[in-house]
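Here the structure comes first, spelled out in structure tokens, and everything after it is commentary.
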Amino acid sequence: MIEKKAWAVNGYLALILMLALLIGGIALLIQENLVGIPLIIIAAILGTGILVVQPNKSYTLVFFGSYIGSLREPGLWLSVPFAIRKGVSLRVRNFNSKTLKVNDIEGNPVEIATVVVFRVVDTAKAMFDVEKYEQFVEIQSETALRHVATRYAYDNFEGKGLSLRSNPEEVSLELMQELQQRLMLAGVEVSEARLTHLAYATEIAGAMLQRQQASAILSARQIIVEGAVGMVQMAIERLENDGVVKLDEERKASMINNLLVSIVSERAVQPVINTGTVY
């Protein structure tokens, strides 16, 4: 089904014509002229075609089982009499999915939810190609969310590739594109799709929290060690270049060890004053 514009004329002119036919028919009947009966019948038939269209609202018209078009323009219209009218909202709407439990690409159970912003762009497809397009959007949104969530890990501890937690923009974009492909059949356009909830499932949340903490500690230690090595290297080079002191390899190794311990240690280092000779 493809949406098409239904036949319609200005409803205000139609009302004037109907009133004229109705008044004329009644006047003729009062004069006992039977011509007034067809005039009244014609006015009644035209009355079944009067339709009021509100802003951001559309009506699909079905005449004896055949789709004859849709009306989108707001106002008062006269369309095909005796046509069945089915209203379709064109407003932008939100759908909040339920919190789903799915397995990520590594097999870890995670809880995930999304919000989908959509609107109907083809009323014919929405009304005749699917059964209850709102329910169709709901089911397809949850299906697409499950499919996308299984492509990524919850978190990438090695820092390579995309993950659900670290790359929400990329994941949301892929979710929106997949949803658009699924919902084209229903004449629905997806404006936005965003993750609203993301967490490990309860049964593994504690273990994964410990893993995250360990990974954070290791990353912090790596940065501290790299910085400490650079500082020690700069200090020894500065001493040697300025000619402050000449150190052999053994004393240089001892100085490096002391400096690294003082920089990397989590506790304050207590200084020891050497009152004897260096050797």
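Identifiers in this document derive from the order of the structure tokens: chains are assigned A, B, ..., residues are numbered from 1 separately in each chain, and ligands are numbered from 1 in order of occurrence.
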Please identify all polymer residues within 10 Å of A:Gly69, counting only C-alpha atoms, omitting same-chain residues fewer than 4 positions from it, and present them as an mmCIF file with N, CA, C and O atoms, in the first residue's frame.
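As written to disk, around.cif reads:
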data_model
loop_
_atom_site.group_PDB
_atom_site.id
_atom_site.type_symbol
_atom_site.label_atom_id
_atom_site.label_comp_id
_atom_site.auth_asym_id
_atom_site.auth_seq_id
_atom_site.Cartn_x
_atom_site.Cartn_y
_atom_site.Cartn_z
ATOM 1 N N ILE A 2 0.459 2.224 -0.796
ATOM 2 C CA ILE A 2 1.146 3.511 -0.850
ATOM 3 C C ILE A 2 0.109 4.601 -0.616
ATOM 4 O O ILE A 2 -0.971 4.591 -1.232
ATOM 5 N N GLU A 3 0.430 5.530 0.246
ATOM 6 C CA GLU A 3 -0.521 6.592 0.554
ATOM 7 C C GLU A 3 -0.762 7.474 -0.667
ATOM 8 O O GLU A 3 0.162 7.815 -1.410
ATOM 9 N N LYS A 4 -2.016 7.861 -0.855
ATOM 10 C CA LYS A 4 -2.394 8.797 -1.908
ATOM 11 C C LYS A 4 -3.422 9.776 -1.362
ATOM 12 O O LYS A 4 -4.087 9.495 -0.351
ATOM 13 N N LYS A 5 -3.543 10.890 -2.027
ATOM 14 C CA LYS A 5 -4.452 11.936 -1.551
ATOM 15 C C LYS A 5 -5.878 11.619 -1.972
ATOM 16 O O LYS A 5 -6.148 11.298 -3.134
ATOM 17 N N ALA A 6 -6.780 11.716 -1.017
ATOM 18 C CA ALA A 6 -8.195 11.449 -1.298
ATOM 19 C C ALA A 6 -8.862 12.666 -1.923
ATOM 20 O O ALA A 6 -8.435 13.810 -1.726
ATOM 21 N N TRP A 7 -9.917 12.398 -2.663
ATOM 22 C CA TRP A 7 -10.693 13.500 -3.257
ATOM 23 C C TRP A 7 -11.422 14.240 -2.145
ATOM 24 O O TRP A 7 -12.051 13.627 -1.272
ATOM 25 N N ALA A 8 -11.355 15.561 -2.183
ATOM 26 C CA ALA A 8 -12.034 16.383 -1.173
ATOM 27 C C ALA A 8 -12.203 17.788 -1.708
ATOM 28 O O ALA A 8 -11.370 18.282 -2.489
ATOM 29 N N TYR A 59 -6.774 11.057 8.105
ATOM 30 C CA TYR A 59 -7.834 10.068 7.985
ATOM 31 C C TYR A 59 -7.651 9.283 6.702
ATOM 32 O O TYR A 59 -7.464 9.863 5.630
ATOM 33 N N THR A 60 -7.689 7.960 6.820
ATOM 34 C CA THR A 60 -7.695 7.104 5.642
ATOM 35 C C THR A 60 -9.150 6.768 5.314
ATOM 36 O O THR A 60 -9.950 6.464 6.208
ATOM 37 N N LEU A 61 -9.501 6.810 4.042
ATOM 38 C CA LEU A 61 -10.876 6.605 3.602
ATOM 39 C C LEU A 61 -10.983 5.284 2.843
ATOM 40 O O LEU A 61 -10.194 5.019 1.930
ATOM 41 N N VAL A 62 -11.949 4.475 3.253
ATOM 42 C CA VAL A 62 -12.202 3.184 2.612
ATOM 43 C C VAL A 62 -13.644 3.190 2.110
ATOM 44 O O VAL A 62 -14.586 3.403 2.891
ATOM 45 N N PHE A 63 -13.799 2.959 0.814
ATOM 46 C CA PHE A 63 -15.130 2.993 0.198
ATOM 47 C C PHE A 63 -15.453 1.599 -0.338
ATOM 48 O O PHE A 63 -14.839 1.136 -1.303
ATOM 49 N N THR A 123 0.323 6.814 5.999
ATOM 50 C CA THR A 123 -0.863 6.326 6.715
ATOM 51 C C THR A 123 -1.422 5.047 6.105
ATOM 52 O O THR A 123 -1.992 4.224 6.815
ATOM 53 N N ALA A 124 -1.262 4.877 4.796
ATOM 54 C CA ALA A 124 -1.787 3.667 4.157
ATOM 55 C C ALA A 124 -1.058 2.433 4.664
ATOM 56 O O ALA A 124 -1.680 1.412 5.003
#
Going by DSSP on the backbone, which residues of stretch 30-217 of chain A come out as helix (DSSP H, G or I)? List them as an MDAnalysis selection string.
chainID A and resid 30 36:47 123:128 133:149 168:186 202:217
Produce a file of the selected residues containing C-alpha atoms, as a PDB file, in the first residue's frame.
ATOM      1  CA  ILE A  30     -44.557  22.286   2.482  1.00  0.00           C
ATOM      2  CA  GLY A  36     -38.358  18.170  -2.192  1.00  0.00           C
ATOM      3  CA  ILE A  37     -37.798  14.543  -1.117  1.00  0.00           C
ATOM      4  CA  PRO A  38     -34.823  13.922  -3.466  1.00  0.00           C
ATOM      5  CA  LEU A  39     -33.313  17.251  -2.441  1.00  0.00           C
ATOM      6  CA  ILE A  40     -33.446  16.270   1.220  1.00  0.00           C
ATOM      7  CA  ILE A  41     -31.974  12.838   0.433  1.00  0.00           C
ATOM      8  CA  ILE A  42     -29.102  14.435  -1.529  1.00  0.00           C
ATOM      9  CA  ALA A  43     -28.410  16.805   1.387  1.00  0.00           C
ATOM     10  CA  ALA A  44     -28.321  13.824   3.797  1.00  0.00           C
ATOM     11  CA  ILE A  45     -25.949  11.918   1.512  1.00  0.00           C
ATOM     12  CA  LEU A  46     -23.595  14.896   1.278  1.00  0.00           C
ATOM     13  CA  GLY A  47     -23.688  15.166   5.059  1.00  0.00           C
ATOM     14  CA  THR A 123      -0.863   6.326   6.715  1.00  0.00           C
ATOM     15  CA  ALA A 124      -1.787   3.667   4.157  1.00  0.00           C
ATOM     16  CA  LYS A 125       1.036   1.351   5.258  1.00  0.00           C
ATOM     17  CA  ALA A 126       0.356   2.035   8.932  1.00  0.00           C
ATOM     18  CA  MET A 127      -3.320   1.106   8.638  1.00  0.00           C
ATOM     19  CA  PHE A 128      -3.371  -1.652   6.032  1.00  0.00           C
ATOM     20  CA  TYR A 133       1.160  -0.416  14.006  1.00  0.00           C
ATOM     21  CA  GLU A 134       1.732   0.766  17.603  1.00  0.00           C
ATOM     22  CA  GLN A 135       2.145  -2.833  18.747  1.00  0.00           C
ATOM     23  CA  PHE A 136       4.297  -3.513  15.691  1.00  0.00           C
ATOM     24  CA  VAL A 137       6.636  -0.657  16.683  1.00  0.00           C
ATOM     25  CA  GLU A 138       6.855  -1.991  20.236  1.00  0.00           C
ATOM     26  CA  ILE A 139       7.733  -5.555  19.241  1.00  0.00           C
ATOM     27  CA  GLN A 140      10.206  -4.558  16.520  1.00  0.00           C
ATOM     28  CA  SER A 141      11.935  -2.077  18.842  1.00  0.00           C
ATOM     29  CA  GLU A 142      12.574  -4.756  21.451  1.00  0.00           C
ATOM     30  CA  THR A 143      13.703  -7.221  18.779  1.00  0.00           C
ATOM     31  CA  ALA A 144      16.148  -4.726  17.262  1.00  0.00           C
ATOM     32  CA  LEU A 145      17.477  -3.823  20.709  1.00  0.00           C
ATOM     33  CA  ARG A 146      18.184  -7.474  21.485  1.00  0.00           C
ATOM     34  CA  HIS A 147      19.902  -7.947  18.129  1.00  0.00           C
ATOM     35  CA  VAL A 148      22.141  -4.891  18.485  1.00  0.00           C
ATOM     36  CA  ALA A 149      23.033  -5.656  22.113  1.00  0.00           C
ATOM     37  CA  PRO A 168      26.513   4.796  23.433  1.00  0.00           C
ATOM     38  CA  GLU A 169      26.366   7.179  20.447  1.00  0.00           C
ATOM     39  CA  GLU A 170      27.563   4.581  17.948  1.00  0.00           C
ATOM     40  CA  VAL A 171      25.315   1.894  19.424  1.00  0.00           C
ATOM     41  CA  SER A 172      22.289   4.216  19.349  1.00  0.00           C
ATOM     42  CA  LEU A 173      22.973   5.139  15.726  1.00  0.00           C
ATOM     43  CA  GLU A 174      23.137   1.495  14.692  1.00  0.00           C
ATOM     44  CA  LEU A 175      19.960   0.776  16.655  1.00  0.00           C
ATOM     45  CA  MET A 176      18.126   3.629  14.915  1.00  0.00           C
ATOM     46  CA  GLN A 177      19.246   2.451  11.456  1.00  0.00           C
ATOM     47  CA  GLU A 178      18.128  -1.112  12.110  1.00  0.00           C
ATOM     48  CA  LEU A 179      14.809   0.089  13.510  1.00  0.00           C
ATOM     49  CA  GLN A 180      14.210   2.231  10.436  1.00  0.00           C
ATOM     50  CA  GLN A 181      14.696  -0.777   8.176  1.00  0.00           C
ATOM     51  CA  ARG A 182      12.293  -2.846  10.248  1.00  0.00           C
ATOM     52  CA  LEU A 183       9.593  -0.153  10.545  1.00  0.00           C
ATOM     53  CA  MET A 184       9.523   0.966   6.889  1.00  0.00           C
ATOM     54  CA  LEU A 185       6.897  -1.721   6.332  1.00  0.00           C
ATOM     55  CA  ALA A 186       4.569   0.083   8.749  1.00  0.00           C
ATOM     56  CA  THR A 202      22.110  -8.959  39.200  1.00  0.00           C
ATOM     57  CA  GLU A 203      23.735 -12.393  39.264  1.00  0.00           C
ATOM     58  CA  ILE A 204      27.078 -11.138  37.895  1.00  0.00           C
ATOM     59  CA  ALA A 205      27.028  -7.477  38.912  1.00  0.00           C
ATOM     60  CA  GLY A 206      29.302  -8.014  41.946  1.00  0.00           C
ATOM     61  CA  ALA A 207      31.936  -9.980  40.038  1.00  0.00           C
ATOM     62  CA  MET A 208      31.978  -7.502  37.162  1.00  0.00           C
ATOM     63  CA  LEU A 209      32.333  -4.595  39.602  1.00  0.00           C
ATOM     64  CA  GLN A 210      35.457  -6.199  41.047  1.00  0.00           C
ATOM     65  CA  ARG A 211      36.786  -6.692  37.534  1.00  0.00           C
ATOM     66  CA  GLN A 212      36.181  -3.043  36.682  1.00  0.00           C
ATOM     67  CA  GLN A 213      37.894  -1.927  39.878  1.00  0.00           C
ATOM     68  CA  ALA A 214      40.907  -4.168  39.184  1.00  0.00           C
ATOM     69  CA  SER A 215      41.138  -2.860  35.628  1.00  0.00           C
ATOM     70  CA  ALA A 216      40.993   0.730  36.860  1.00  0.00           C
ATOM     71  CA  ILE A 217      43.736   0.076  39.446  1.00  0.00           C
TER      72      ILE A 217
END
d(atom CA of A:Ser66, atom CA of A:Ile84) in Å:
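So the two atoms, atom CA of A:Ser66 and atom CA of A:Ile84, lie 9.9 Å apart.
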Atom pair atom CA of A:Leu21 / atom CA of A:Gly75: separation (Å):
22.7 Å
Could you tell me how far atom CA of A:Val53 lies from atom CA of A:Leu17, in Å and to one decimal?
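Straight-line distance from atom CA of A:Val53 to atom CA of A:Leu17 works out to 20.0 Å.
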Can you pull out every residue within 9 Å of A:Asn94, counting only C-alpha atoms, but drop anything in the same chain fewer than 4 positions away, and send it as a ChimeraX atom specification?
/A:115-119
Output file for the residues above (all heavy atoms, as a tab-separated table (two decimals), in the first residue's frame):
chain	number	residue	atom	x	y	z
A	115	VAL	N	14.63	4.14	24.43
A	115	VAL	CA	13.49	4.99	24.10
A	115	VAL	C	13.55	5.28	22.61
A	115	VAL	O	14.62	5.60	22.07
A	115	VAL	CB	13.49	6.30	24.92
A	115	VAL	CG1	14.76	7.09	24.71
A	115	VAL	CG2	12.26	7.15	24.58
A	116	VAL	N	12.43	5.13	21.93
A	116	VAL	CA	12.35	5.31	20.49
A	116	VAL	C	11.39	6.46	20.19
A	116	VAL	O	10.26	6.48	20.69
A	116	VAL	CB	11.87	4.03	19.79
A	116	VAL	CG1	11.77	4.23	18.28
A	116	VAL	CG2	12.80	2.87	20.11
A	117	VAL	N	11.85	7.42	19.40
A	117	VAL	CA	11.03	8.56	18.98
A	117	VAL	C	10.63	8.31	17.53
A	117	VAL	O	11.50	8.15	16.66
A	117	VAL	CB	11.80	9.88	19.11
A	117	VAL	CG1	10.91	11.05	18.70
A	117	VAL	CG2	12.31	10.07	20.54
A	118	PHE	N	9.34	8.27	17.26
A	118	PHE	CA	8.88	7.92	15.91
A	118	PHE	C	7.60	8.69	15.56
A	118	PHE	O	6.95	9.27	16.43
A	118	PHE	CB	8.61	6.41	15.81
A	118	PHE	CG	7.40	5.95	16.58
A	118	PHE	CD1	6.18	5.80	15.96
A	118	PHE	CD2	7.50	5.68	17.94
A	118	PHE	CE1	5.06	5.38	16.66
A	118	PHE	CE2	6.39	5.26	18.66
A	118	PHE	CZ	5.17	5.11	18.01
A	119	ARG	N	7.27	8.66	14.28
A	119	ARG	CA	6.01	9.23	13.81
A	119	ARG	C	5.61	8.52	12.52
A	119	ARG	O	6.45	7.96	11.80
A	119	ARG	CB	6.13	10.74	13.56
A	119	ARG	CG	7.07	11.14	12.44
A	119	ARG	CD	7.25	12.64	12.37
A	119	ARG	NE	8.10	13.05	11.26
A	119	ARG	CZ	7.65	13.40	10.07
A	119	ARG	NH1	6.35	13.39	9.83
A	119	ARG	NH2	8.48	13.75	9.11
